[in-house]
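Structure file final_6.pdb with PDB, C-alpha atoms, pLDDT in the B column:
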ATOM      1  CA  ASP A   1     258.275  53.263  97.916  1.00 54.00           C
ATOM      2  CA  THR A   2     257.358  49.817  96.645  1.00 71.00           C
ATOM      3  CA  GLY A   3     258.165  47.847  99.772  1.00 90.00           C
ATOM      4  CA  VAL A   4     261.040  45.520 100.571  1.00 93.00           C
ATOM      5  CA  SER A   5     262.915  44.334  97.495  1.00 95.00           C
ATOM      6  CA  GLN A   6     265.083  41.252  97.293  1.00 96.00           C
ATOM      7  CA  ASP A   7     267.398  40.207  94.526  1.00 97.00           C
ATOM      8  CA  PRO A   8     267.653  37.710  92.972  1.00 97.00           C
ATOM      9  CA  ARG A   9     264.300  35.953  93.275  1.00 95.00           C
ATOM     10  CA  HIS A  10     265.848  32.592  92.513  1.00 96.00           C
ATOM     11  CA  LYS A  11     269.402  31.297  92.670  1.00 98.00           C
ATOM     12  CA  ILE A  12     270.691  27.874  91.710  1.00 98.00           C
ATOM     13  CA  THR A  13     274.269  27.154  92.642  1.00 98.00           C
ATOM     14  CA  LYS A  14     276.627  24.231  92.841  1.00 97.00           C
ATOM     15  CA  ARG A  15     277.705  22.955  96.217  1.00 97.00           C
ATOM     16  CA  GLY A  16     280.836  24.728  97.375  1.00 97.00           C
ATOM     17  CA  GLN A  17     280.159  27.977  95.543  1.00 98.00           C
ATOM     18  CA  ASN A  18     279.615  31.323  97.256  1.00 98.00           C
ATOM     19  CA  VAL A  19     276.367  33.241  96.844  1.00 98.00           C
ATOM     20  CA  THR A  20     275.274  36.737  97.798  1.00 98.00           C
ATOM     21  CA  PHE A  21     271.740  38.071  98.175  1.00 97.00           C
ATOM     22  CA  ARG A  22     270.654  41.668  98.391  1.00 98.00           C
ATOM     23  CA  CYS A  23     267.828  43.307 100.310  1.00 97.00           C
ATOM     24  CA  ASP A  24     266.569  46.861  99.880  1.00 97.00           C
ATOM     25  CA  PRO A  25     264.306  47.766 102.801  1.00 95.00           C
ATOM     26  CA  ILE A  26     261.635  50.431 102.934  1.00 91.00           C
ATOM     27  CA  SER A  27     263.600  53.661 102.919  1.00 88.00           C
ATOM     28  CA  GLU A  28     262.494  55.056 106.269  1.00 84.00           C
ATOM     29  CA  HIS A  29     262.906  51.753 108.100  1.00 87.00           C
ATOM     30  CA  ASN A  30     265.963  51.604 110.345  1.00 87.00           C
ATOM     31  CA  ARG A  31     265.660  47.936 111.349  1.00 88.00           C
ATOM     32  CA  LEU A  32     266.411  45.099 108.965  1.00 92.00           C
ATOM     33  CA  TYR A  33     266.082  41.369 109.543  1.00 92.00           C
ATOM     34  CA  TRP A  34     267.058  38.225 107.684  1.00 95.00           C
ATOM     35  CA  TYR A  35     265.029  35.049 108.073  1.00 95.00           C
ATOM     36  CA  ARG A  36     265.370  31.609 106.522  1.00 96.00           C
ATOM     37  CA  GLN A  37     262.406  29.454 105.585  1.00 96.00           C
ATOM     38  CA  THR A  38     262.730  25.791 104.695  1.00 94.00           C
ATOM     39  CA  LEU A  39     259.993  23.817 103.006  1.00 90.00           C
ATOM     40  CA  GLY A  40     256.942  23.301 105.193  1.00 88.00           C
ATOM     41  CA  GLN A  41     258.236  25.445 108.021  1.00 92.00           C
ATOM     42  CA  GLY A  42     257.789  28.955 109.265  1.00 94.00           C
ATOM     43  CA  PRO A  43     260.566  31.509 108.853  1.00 94.00           C
ATOM     44  CA  GLU A  44     263.437  31.335 111.342  1.00 93.00           C
ATOM     45  CA  PHE A  45     265.365  34.380 112.494  1.00 90.00           C
ATOM     46  CA  LEU A  46     268.957  34.709 111.263  1.00 92.00           C
ATOM     47  CA  THR A  47     270.199  38.198 112.053  1.00 92.00           C
ATOM     48  CA  TYR A  48     269.167  41.776 112.760  1.00 88.00           C
ATOM     49  CA  PHE A  49     270.520  45.255 111.996  1.00 91.00           C
ATOM     50  CA  GLN A  50     269.625  48.563 113.488  1.00 88.00           C
ATOM     51  CA  ASN A  51     270.940  51.111 111.020  1.00 89.00           C
ATOM     52  CA  GLU A  52     274.386  49.789 110.043  1.00 90.00           C
ATOM     53  CA  ALA A  53     275.029  47.884 113.260  1.00 89.00           C
ATOM     54  CA  GLN A  54     274.510  44.140 113.313  1.00 89.00           C
ATOM     55  CA  LEU A  55     273.100  43.665 116.789  1.00 84.00           C
ATOM     56  CA  GLU A  56     272.173  40.023 116.901  1.00 82.00           C
ATOM     57  CA  LYS A  57     272.915  36.747 115.161  1.00 82.00           C
ATOM     58  CA  SER A  58     271.097  33.465 115.506  1.00 83.00           C
ATOM     59  CA  ARG A  59     272.842  30.175 116.241  1.00 76.00           C
ATOM     60  CA  LEU A  60     271.589  29.158 112.784  1.00 77.00           C
ATOM     61  CA  LEU A  61     274.093  31.564 111.278  1.00 80.00           C
ATOM     62  CA  SER A  62     277.231  29.472 110.941  1.00 87.00           C
ATOM     63  CA  ASP A  63     280.616  31.006 110.173  1.00 91.00           C
ATOM     64  CA  ARG A  64     279.924  30.445 106.474  1.00 95.00           C
ATOM     65  CA  PHE A  65     277.221  33.119 106.655  1.00 95.00           C
ATOM     66  CA  SER A  66     277.906  36.828 106.814  1.00 94.00           C
ATOM     67  CA  ALA A  67     275.631  39.811 106.545  1.00 95.00           C
ATOM     68  CA  GLU A  68     276.355  43.481 106.099  1.00 95.00           C
ATOM     69  CA  ARG A  69     274.460  46.722 105.976  1.00 95.00           C
ATOM     70  CA  PRO A  70     277.274  49.164 105.221  1.00 90.00           C
ATOM     71  CA  LYS A  71     275.407  52.454 105.047  1.00 86.00           C
ATOM     72  CA  GLY A  72     272.341  51.549 106.998  1.00 84.00           C
ATOM     73  CA  SER A  73     270.315  51.159 103.828  1.00 90.00           C
ATOM     74  CA  PHE A  74     270.515  47.963 101.741  1.00 96.00           C
ATOM     75  CA  SER A  75     271.871  44.739 103.170  1.00 97.00           C
ATOM     76  CA  THR A  76     273.678  41.730 101.731  1.00 97.00           C
ATOM     77  CA  LEU A  77     273.715  38.161 102.964  1.00 97.00           C
ATOM     78  CA  GLU A  78     276.597  36.004 101.773  1.00 97.00           C
ATOM     79  CA  ILE A  79     276.901  32.253 102.101  1.00 97.00           C
ATOM     80  CA  GLN A  80     280.344  30.791 101.487  1.00 97.00           C
ATOM     81  CA  ARG A  81     281.003  27.192 100.465  1.00 97.00           C
ATOM     82  CA  THR A  82     277.320  26.440 100.072  1.00 97.00           C
ATOM     83  CA  GLU A  83     275.949  23.079 101.183  1.00 96.00           C
ATOM     84  CA  GLN A  84     272.769  21.310 100.133  1.00 96.00           C
ATOM     85  CA  GLY A  85     271.319  22.046 103.558  1.00 95.00           C
ATOM     86  CA  ASP A  86     271.467  25.747 102.747  1.00 96.00           C
ATOM     87  CA  SER A  87     268.690  25.307 100.192  1.00 97.00           C
ATOM     88  CA  ALA A  88     265.843  27.464 101.467  1.00 97.00           C
ATOM     89  CA  MET A  89     263.970  30.705 100.982  1.00 96.00           C
ATOM     90  CA  TYR A  90     265.863  33.658 102.441  1.00 97.00           C
ATOM     91  CA  LEU A  91     263.515  36.406 103.525  1.00 95.00           C
ATOM     92  CA  CYS A  92     264.347  39.976 104.408  1.00 95.00           C
ATOM     93  CA  ALA A  93     262.108  42.187 106.520  1.00 93.00           C
ATOM     94  CA  SER A  94     262.303  45.757 107.697  1.00 91.00           C
ATOM     95  CA  SER A  95     260.613  47.821 110.351  1.00 86.00           C
ATOM     96  CA  SER A  96     260.816  51.243 111.925  1.00 80.00           C
ATOM     97  CA  THR A  97     261.010  52.325 115.512  1.00 72.00           C
ATOM     98  CA  ARG A  98     258.924  55.202 116.724  1.00 64.00           C
ATOM     99  CA  ASP A  99     258.366  56.528 120.176  1.00 47.00           C
ATOM    100  CA  ARG A 100     259.809  54.370 122.923  1.00 51.00           C
ATOM    101  CA  GLY A 101     261.523  52.157 120.387  1.00 52.00           C
ATOM    102  CA  VAL A 102     258.505  49.992 119.708  1.00 56.00           C
ATOM    103  CA  ASP A 103     258.344  48.265 116.369  1.00 58.00           C
ATOM    104  CA  TYR A 104     255.121  48.836 114.520  1.00 60.00           C
ATOM    105  CA  GLY A 105     255.258  45.735 112.431  1.00 69.00           C
ATOM    106  CA  TYR A 106     257.439  44.070 109.886  1.00 83.00           C
ATOM    107  CA  THR A 107     257.283  44.264 106.107  1.00 88.00           C
ATOM    108  CA  PHE A 108     258.706  41.253 104.332  1.00 91.00           C
ATOM    109  CA  GLY A 109     260.171  40.979 100.867  1.00 93.00           C
ATOM    110  CA  SER A 110     259.301  38.193  98.440  1.00 91.00           C
ATOM    111  CA  GLY A 111     262.447  36.309  99.311  1.00 94.00           C
ATOM    112  CA  THR A 112     265.319  34.699  97.442  1.00 96.00           C
ATOM    113  CA  ARG A 113     264.910  30.990  96.839  1.00 96.00           C
ATOM    114  CA  LEU A 114     268.277  29.247  96.945  1.00 98.00           C
ATOM    115  CA  THR A 115     268.766  25.790  95.510  1.00 97.00           C
ATOM    116  CA  VAL A 116     272.129  24.125  96.057  1.00 98.00           C
ATOM    117  CA  VAL A 117     272.769  21.220  93.699  1.00 97.00           C
TER     118      VAL A 117
ATOM    119  CA  ALA B   1     261.863  30.125 125.199  1.00 73.00           C
ATOM    120  CA  GLN B   2     258.913  31.329 123.223  1.00 83.00           C
ATOM    121  CA  LYS B   3     257.019  28.933 121.005  1.00 92.00           C
ATOM    122  CA  VAL B   4     254.121  29.078 118.564  1.00 96.00           C
ATOM    123  CA  THR B   5     252.084  25.995 117.713  1.00 97.00           C
ATOM    124  CA  GLN B   6     249.803  25.691 114.732  1.00 97.00           C
ATOM    125  CA  ALA B   7     248.498  22.174 115.081  1.00 96.00           C
ATOM    126  CA  GLN B   8     246.542  22.193 111.812  1.00 97.00           C
ATOM    127  CA  THR B   9     248.962  21.390 109.028  1.00 96.00           C
ATOM    128  CA  GLU B  10     246.441  21.592 106.210  1.00 97.00           C
ATOM    129  CA  ILE B  11     242.766  22.473 105.962  1.00 97.00           C
ATOM    130  CA  SER B  12     240.575  22.049 102.918  1.00 97.00           C
ATOM    131  CA  VAL B  13     237.169  23.718 102.659  1.00 97.00           C
ATOM    132  CA  VAL B  14     234.656  24.454  99.961  1.00 97.00           C
ATOM    133  CA  GLU B  15     234.111  28.041  98.945  1.00 97.00           C
ATOM    134  CA  LYS B  16     231.751  30.014 101.217  1.00 97.00           C
ATOM    135  CA  GLU B  17     232.461  27.837 104.222  1.00 97.00           C
ATOM    136  CA  ASP B  18     233.783  29.458 107.376  1.00 97.00           C
ATOM    137  CA  VAL B  19     237.175  28.257 108.586  1.00 97.00           C
ATOM    138  CA  THR B  20     239.121  28.824 111.797  1.00 97.00           C
ATOM    139  CA  LEU B  21     242.887  28.564 112.017  1.00 98.00           C
ATOM    140  CA  ASP B  22     244.237  27.799 115.467  1.00 97.00           C
ATOM    141  CA  CYS B  23     247.297  29.303 117.120  1.00 98.00           C
ATOM    142  CA  VAL B  24     248.634  28.581 120.592  1.00 98.00           C
ATOM    143  CA  TYR B  25     251.701  30.324 121.962  1.00 96.00           C
ATOM    144  CA  GLU B  26     254.092  30.117 124.887  1.00 95.00           C
ATOM    145  CA  THR B  27     256.033  33.002 126.344  1.00 91.00           C
ATOM    146  CA  ARG B  28     257.364  34.077 129.723  1.00 87.00           C
ATOM    147  CA  ASP B  29     257.154  37.730 128.838  1.00 84.00           C
ATOM    148  CA  THR B  30     254.268  39.912 129.967  1.00 83.00           C
ATOM    149  CA  THR B  31     254.599  42.258 127.008  1.00 82.00           C
ATOM    150  CA  TYR B  32     254.439  40.723 123.587  1.00 86.00           C
ATOM    151  CA  TYR B  33     252.802  41.024 120.193  1.00 87.00           C
ATOM    152  CA  LEU B  34     250.967  38.443 118.147  1.00 91.00           C
ATOM    153  CA  PHE B  35     250.750  38.496 114.371  1.00 91.00           C
ATOM    154  CA  TRP B  36     249.083  36.671 111.532  1.00 94.00           C
ATOM    155  CA  TYR B  37     250.713  36.579 108.109  1.00 94.00           C
ATOM    156  CA  LYS B  38     249.484  35.133 104.839  1.00 95.00           C
ATOM    157  CA  GLN B  39     251.913  33.553 102.378  1.00 94.00           C
ATOM    158  CA  PRO B  40     250.437  33.032  98.919  1.00 92.00           C
ATOM    159  CA  PRO B  41     252.233  30.894  96.325  1.00 87.00           C
ATOM    160  CA  SER B  42     254.255  33.931  95.246  1.00 83.00           C
ATOM    161  CA  GLY B  43     256.147  33.619  98.539  1.00 84.00           C
ATOM    162  CA  GLU B  44     255.772  37.076 100.026  1.00 85.00           C
ATOM    163  CA  LEU B  45     254.586  37.224 103.619  1.00 90.00           C
ATOM    164  CA  VAL B  46     251.583  39.520 103.778  1.00 90.00           C
ATOM    165  CA  PHE B  47     250.838  41.144 107.136  1.00 88.00           C
ATOM    166  CA  LEU B  48     247.245  40.639 108.289  1.00 90.00           C
ATOM    167  CA  ILE B  49     247.042  41.752 111.913  1.00 87.00           C
ATOM    168  CA  ARG B  50     249.073  42.681 114.981  1.00 86.00           C
ATOM    169  CA  ARG B  51     247.706  42.449 118.506  1.00 86.00           C
ATOM    170  CA  ASN B  52     249.504  43.434 121.705  1.00 84.00           C
ATOM    171  CA  SER B  53     249.304  41.401 124.885  1.00 86.00           C
ATOM    172  CA  PHE B  54     247.320  44.049 126.734  1.00 84.00           C
ATOM    173  CA  ASP B  55     244.530  44.219 124.213  1.00 80.00           C
ATOM    174  CA  GLU B  56     242.259  41.206 124.345  1.00 79.00           C
ATOM    175  CA  GLN B  57     239.519  42.827 122.351  1.00 78.00           C
ATOM    176  CA  ASN B  58     238.520  40.694 119.403  1.00 79.00           C
ATOM    177  CA  GLU B  59     238.784  42.256 115.996  1.00 80.00           C
ATOM    178  CA  ILE B  60     236.853  41.953 112.783  1.00 81.00           C
ATOM    179  CA  SER B  61     238.060  43.197 109.438  1.00 83.00           C
ATOM    180  CA  GLY B  62     235.757  42.341 106.595  1.00 89.00           C
ATOM    181  CA  ARG B  63     235.629  38.552 106.306  1.00 92.00           C
ATOM    182  CA  TYR B  64     238.493  38.144 108.788  1.00 93.00           C
ATOM    183  CA  SER B  65     238.159  38.004 112.551  1.00 91.00           C
ATOM    184  CA  TRP B  66     240.574  37.247 115.347  1.00 91.00           C
ATOM    185  CA  ASN B  67     239.921  35.820 118.801  1.00 92.00           C
ATOM    186  CA  PHE B  68     242.677  36.530 121.332  1.00 93.00           C
ATOM    187  CA  GLN B  69     242.345  34.696 124.649  1.00 92.00           C
ATOM    188  CA  LYS B  70     245.213  35.293 127.031  1.00 91.00           C
ATOM    189  CA  SER B  71     243.859  32.761 129.529  1.00 92.00           C
ATOM    190  CA  THR B  72     244.380  29.950 127.041  1.00 94.00           C
ATOM    191  CA  SER B  73     247.334  31.557 125.203  1.00 95.00           C
ATOM    192  CA  SER B  74     245.478  31.367 121.939  1.00 96.00           C
ATOM    193  CA  PHE B  75     245.077  33.734 119.022  1.00 95.00           C
ATOM    194  CA  ASN B  76     242.742  32.114 116.526  1.00 96.00           C
ATOM    195  CA  PHE B  77     241.878  33.438 113.081  1.00 95.00           C
ATOM    196  CA  THR B  78     238.540  32.933 111.347  1.00 95.00           C
ATOM    197  CA  ILE B  79     237.744  33.517 107.691  1.00 95.00           C
ATOM    198  CA  THR B  80     234.038  33.860 107.020  1.00 95.00           C
ATOM    199  CA  ALA B  81     232.604  32.858 103.661  1.00 96.00           C
ATOM    200  CA  SER B  82     235.956  31.669 102.347  1.00 96.00           C
ATOM    201  CA  GLN B  83     236.980  32.340  98.764  1.00 96.00           C
ATOM    202  CA  VAL B  84     239.397  30.605  96.427  1.00 96.00           C
ATOM    203  CA  VAL B  85     241.748  33.603  96.724  1.00 95.00           C
ATOM    204  CA  ASP B  86     242.124  32.835 100.419  1.00 96.00           C
ATOM    205  CA  SER B  87     244.123  29.730  99.518  1.00 96.00           C
ATOM    206  CA  ALA B  88     247.563  30.215 101.030  1.00 97.00           C
ATOM    207  CA  VAL B  89     249.719  29.265 103.976  1.00 97.00           C
ATOM    208  CA  TYR B  90     248.872  31.220 107.103  1.00 98.00           C
ATOM    209  CA  PHE B  91     251.437  31.833 109.824  1.00 97.00           C
ATOM    210  CA  CYS B  92     250.920  32.909 113.375  1.00 97.00           C
ATOM    211  CA  ALA B  93     253.896  34.666 114.966  1.00 94.00           C
ATOM    212  CA  LEU B  94     254.911  35.923 118.385  1.00 92.00           C
ATOM    213  CA  SER B  95     257.202  38.835 119.095  1.00 86.00           C
ATOM    214  CA  GLU B  96     258.721  39.576 122.441  1.00 74.00           C
ATOM    215  CA  LYS B  97     261.443  41.916 123.590  1.00 67.00           C
ATOM    216  CA  ARG B  98     264.874  40.341 123.393  1.00 61.00           C
ATOM    217  CA  GLY B  99     268.064  41.634 124.893  1.00 58.00           C
ATOM    218  CA  ASP B 100     269.281  45.110 125.591  1.00 56.00           C
ATOM    219  CA  THR B 101     268.688  46.308 122.068  1.00 56.00           C
ATOM    220  CA  GLY B 102     264.954  46.230 122.577  1.00 58.00           C
ATOM    221  CA  ARG B 103     264.364  44.643 119.241  1.00 61.00           C
ATOM    222  CA  ARG B 104     261.552  42.174 118.976  1.00 64.00           C
ATOM    223  CA  ALA B 105     262.242  38.780 117.486  1.00 72.00           C
ATOM    224  CA  LEU B 106     259.496  37.073 115.561  1.00 86.00           C
ATOM    225  CA  THR B 107     258.925  33.409 116.310  1.00 91.00           C
ATOM    226  CA  PHE B 108     256.713  31.771 113.729  1.00 94.00           C
ATOM    227  CA  GLY B 109     254.551  28.697 113.889  1.00 96.00           C
ATOM    228  CA  SER B 110     254.944  26.064 111.206  1.00 96.00           C
ATOM    229  CA  GLY B 111     251.949  27.375 109.296  1.00 97.00           C
ATOM    230  CA  THR B 112     248.556  26.082 108.183  1.00 98.00           C
ATOM    231  CA  ARG B 113     247.971  25.490 104.506  1.00 97.00           C
ATOM    232  CA  LEU B 114     244.434  26.482 103.568  1.00 97.00           C
ATOM    233  CA  GLN B 115     242.936  25.141 100.358  1.00 97.00           C
ATOM    234  CA  VAL B 116     239.628  26.638  99.331  1.00 97.00           C
ATOM    235  CA  GLN B 117     237.946  24.570  96.641  1.00 96.00           C
ATOM    236  CA  PRO B 118     235.504  26.204  94.228  1.00 95.00           C
TER     237      PRO B 118
END
What is this structure when it is put down as C-alpha cells?
Amino acid sequence: DTGVSQDPRHKITKRGQNVTFRCDPISEHNRLYWYRQTLGQGPEFLTYFQNEAQLEKSRLLSDRFSAERPKGSFSTLEIQRTEQGDSAMYLCASSSTRDRGVDYGYTFGSGTRLTVV
Amino acid sequence: AQKVTQAQTEISVVEKEDVTLDCVYETRDTTYYLFWYKQPPSGELVFLIRRNSFDEQNEISGRYSWNFQKSTSSFNFTITASQVVDSAVYFCALSEKRGDTGRRALTFGSGTRLQVQP
C-alpha cells in the first residue's frame, strides 16, 4: 500500500464549471476525511466518512459541494458551478479505528490543487 | 470551540542552529490529542508526532523533541542542529472527540514556515 492517493494533482477550471476529485485511502482504513487548505492557512475540515456513511459535514461545505464514498473505499468530492473562492488545495486523509474506536492518527494524501480562473 | 495558535508565521535560521516552534491550544475537552505535521513544498502533510492529553512526558526522536505542558496549554516543537531539508511549513493540530460518532476532528493552526539557510 503506497498511502493515500489523490487525483488529479492539479486542476485548472473556468468559473462556473463542475469539477470532481478522487481520493483512494489506505485500504484498511475505514475513516476518510476531506480538508481544504487555502494559501497561508492550515487545513480546514470539510467532511467525514466512516465506511460508506457520510457522518459529518462542515459549514464550509456549501450546497455546491458533494462528497461520496459509495463502497466504503475510494471517495469523490464534486464542486458544482465553481467560484474563484473555491481555489485551494483539497486534501484527503484516512485513518483506522481499533479498540474502543480510537483513531491512531491520520495519513494525508498530497492533495489536489484547484485553480478557478 | 477548540483553537490552535501558532504565533510564529515565519522563522529563518542558519543551518545547525536549534529552533523551537510554538503551539498554544484551547479546548474544553479533557481527552484530546495533539499532533505536529510537516508540509514540504510538495504539499503532502507528513505526520511527525501524536501526543494524548494524559501523557505529558516529553519526547525526543533524533533531532526532534517535543515539550507538552498542559498547565500552559502548549505543545512546542524543537529541531536541534537544523538542516536545509527541514525547510517546510510545520502545523500543530488538535483533535478532540466530536459528536456521537466518536470521530475526532483535527483543528490546525495556521502554520509556521521554517527556512533553514545553508
How close does chain A get to chain B? List, as CSV, each residue of chain A within 12 Å, its nearest atom pair and the distance in Å to one decimal, counting all atoms listed in the file.
residue,atom,partner,partner_atom,distance
A:Gly3,CA,B:Glu44,CA,11.0
A:Val4,CA,B:Glu44,CA,10.0
A:Ser5,CA,B:Glu44,CA,10.5
A:Gln6,CA,B:Glu44,CA,10.6
A:Arg9,CA,B:Gly43,CA,10.0
A:His10,CA,B:Gly43,CA,11.5
A:Asn30,CA,B:Arg103,CA,11.4
A:Arg31,CA,B:Arg103,CA,8.6
A:Leu32,CA,B:Arg103,CA,10.5
A:Tyr33,CA,B:Ala105,CA,9.2
A:Trp34,CA,B:Ala105,CA,10.9
A:Tyr35,CA,B:Leu106,CA,9.5
A:Arg36,CA,B:Phe108,CA,11.3
A:Gln37,CA,B:Ser110,CA,9.9
A:Thr38,CA,B:Ser110,CA,10.2
A:Leu39,CA,B:Ser110,CA,9.9
A:Gly40,CA,B:Ser110,CA,6.9
A:Gln41,CA,B:Ser110,CA,4.6
A:Gly42,CA,B:Ser110,CA,4.5
A:Pro43,CA,B:Phe108,CA,6.2
A:Glu44,CA,B:Thr107,CA,7.0
A:Phe45,CA,B:Leu106,CA,7.1
A:Leu46,CA,B:Ala105,CA,10.0
A:Thr47,CA,B:Ala105,CA,9.7
A:Tyr48,CA,B:Arg103,CA,8.6
A:Phe49,CA,B:Arg103,CA,9.5
A:Gln50,CA,B:Arg103,CA,8.7
A:Ala53,CA,B:Thr101,CA,11.0
A:Gln54,CA,B:Thr101,CA,10.7
A:Leu55,CA,B:Thr101,CA,7.4
A:Glu56,CA,B:Thr101,CA,8.9
A:Lys57,CA,B:Ala105,CA,11.1
A:Ser58,CA,B:Ala105,CA,10.5
A:Ala88,CA,B:Gly43,CA,11.9
A:Met89,CA,B:Gly43,CA,8.7
A:Tyr90,CA,B:Gly43,CA,10.5
A:Leu91,CA,B:Glu44,CA,8.5
A:Cys92,CA,B:Glu44,CA,10.1
A:Ala93,CA,B:Leu45,CA,9.5
A:Ser94,CA,B:Arg103,CA,11.8
A:Ser95,CA,B:Arg103,CA,10.2
A:Ser96,CA,B:Arg103,CA,10.5
A:Thr97,CA,B:Arg103,CA,9.2
A:Arg100,CA,B:Gly102,CA,9.6
A:Gly101,CA,B:Gly102,CA,7.2
A:Val102,CA,B:Arg103,CA,7.9
A:Asp103,CA,B:Arg104,CA,7.4
A:Tyr104,CA,B:Arg50,CA,8.6
A:Gly105,CA,B:Arg50,CA,7.4
A:Tyr106,CA,B:Phe47,CA,7.7
A:Thr107,CA,B:Phe47,CA,7.2
A:Phe108,CA,B:Leu45,CA,5.8
A:Gly109,CA,B:Glu44,CA,5.9
A:Ser110,CA,B:Glu44,CA,4.0
A:Gly111,CA,B:Glu44,CA,6.8
A:Thr112,CA,B:Gly43,CA,9.3
A:Arg113,CA,B:Gly43,CA,9.3
Would you put the residues from that selection into a file with C-alpha atoms, as a compact mmCIF listing (two decimals), in the coordinates of the input?
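Result file part.txt:
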# COMPACT_ATOMS: atom_id res chain seq x y z
CA GLY A 3 258.17 47.85 99.77
CA VAL A 4 261.04 45.52 100.57
CA SER A 5 262.92 44.33 97.50
CA GLN A 6 265.08 41.25 97.29
CA ARG A 9 264.30 35.95 93.28
CA HIS A 10 265.85 32.59 92.51
CA ASN A 30 265.96 51.60 110.34
CA ARG A 31 265.66 47.94 111.35
CA LEU A 32 266.41 45.10 108.96
CA TYR A 33 266.08 41.37 109.54
CA TRP A 34 267.06 38.22 107.68
CA TYR A 35 265.03 35.05 108.07
CA ARG A 36 265.37 31.61 106.52
CA GLN A 37 262.41 29.45 105.58
CA THR A 38 262.73 25.79 104.70
CA LEU A 39 259.99 23.82 103.01
CA GLY A 40 256.94 23.30 105.19
CA GLN A 41 258.24 25.44 108.02
CA GLY A 42 257.79 28.96 109.26
CA PRO A 43 260.57 31.51 108.85
CA GLU A 44 263.44 31.34 111.34
CA PHE A 45 265.36 34.38 112.49
CA LEU A 46 268.96 34.71 111.26
CA THR A 47 270.20 38.20 112.05
CA TYR A 48 269.17 41.78 112.76
CA PHE A 49 270.52 45.26 112.00
CA GLN A 50 269.62 48.56 113.49
CA ALA A 53 275.03 47.88 113.26
CA GLN A 54 274.51 44.14 113.31
CA LEU A 55 273.10 43.66 116.79
CA GLU A 56 272.17 40.02 116.90
CA LYS A 57 272.92 36.75 115.16
CA SER A 58 271.10 33.47 115.51
CA ALA A 88 265.84 27.46 101.47
CA MET A 89 263.97 30.70 100.98
CA TYR A 90 265.86 33.66 102.44
CA LEU A 91 263.52 36.41 103.52
CA CYS A 92 264.35 39.98 104.41
CA ALA A 93 262.11 42.19 106.52
CA SER A 94 262.30 45.76 107.70
CA SER A 95 260.61 47.82 110.35
CA SER A 96 260.82 51.24 111.92
CA THR A 97 261.01 52.32 115.51
CA ARG A 100 259.81 54.37 122.92
CA GLY A 101 261.52 52.16 120.39
CA VAL A 102 258.50 49.99 119.71
CA ASP A 103 258.34 48.26 116.37
CA TYR A 104 255.12 48.84 114.52
CA GLY A 105 255.26 45.74 112.43
CA TYR A 106 257.44 44.07 109.89
CA THR A 107 257.28 44.26 106.11
CA PHE A 108 258.71 41.25 104.33
CA GLY A 109 260.17 40.98 100.87
CA SER A 110 259.30 38.19 98.44
CA GLY A 111 262.45 36.31 99.31
CA THR A 112 265.32 34.70 97.44
CA ARG A 113 264.91 30.99 96.84
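From atom CA of Pro41 of chain B back to atom CA of Arg81 of chain A, the distance works out to 29.3 Å.
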- Message: Can you tell me which residues surround Thr82 of chain A at a distance of at most 7 Å, considering all atoms listed in the file, apart from same-chain residues fewer than 4 positions away, and format the answer as number ranges by chain?
- Response: A: 15-18, 86, 116
To one decimal in Å, tell me the separation between atom CA of Ser53 of chain B and atom CA of Thr78 of chain B.
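Those two atoms sit 19.3 Å apart.
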Excluding Val13 of chain B and its own-chain neighbours fewer than 5 positions away, which residues fall within 7 Å of it when counting all atoms listed in the file? Please give them as a PyMOL selection string. chain B and resi 115-117
Using all atoms listed in the file, the best pick from B:Asp29, B:Thr20, B:Phe54, B:Glu15 as closest to Lys3 of chain B would be B:Asp29
So for segment 61-75 of chain A, what box centre and size do we get, axis-aligned, 8 Å extra on each of the six sides, every listed atom, Å to one decimal, as JSON?
{"center_x": 275.5, "center_y": 41.0, "center_z": 106.5, "size_x": 26.3, "size_y": 39.0, "size_z": 25.5}
- Please measure the separation of atom CA of Lys16 of chain B and atom CA of Gln83 of chain B, giving the value in Å to one decimal.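 Between atom CA of Lys16 of chain B and atom CA of Gln83 of chain B the gap is 6.2 Å.
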On this structure, the PyMOL selection byres ((chain A and resi 22) around 7) would catch which residues? List them as a list in words, sorted by chain and number.
Gln6, Asp7, Thr20, Phe21, Cys23, Asp24, Ser75, Thr76 and Leu77 of chain A
**Message:** I need the output of the PyMOL selection byres ((chain B and resi 75) around 10) for this file as a VMD selection string; which residues are they?
**Reply:** chain B and resid 21 to 25 34 to 36 51 56 58 66 to 70 72 to 74 76 to 77 92 to 93
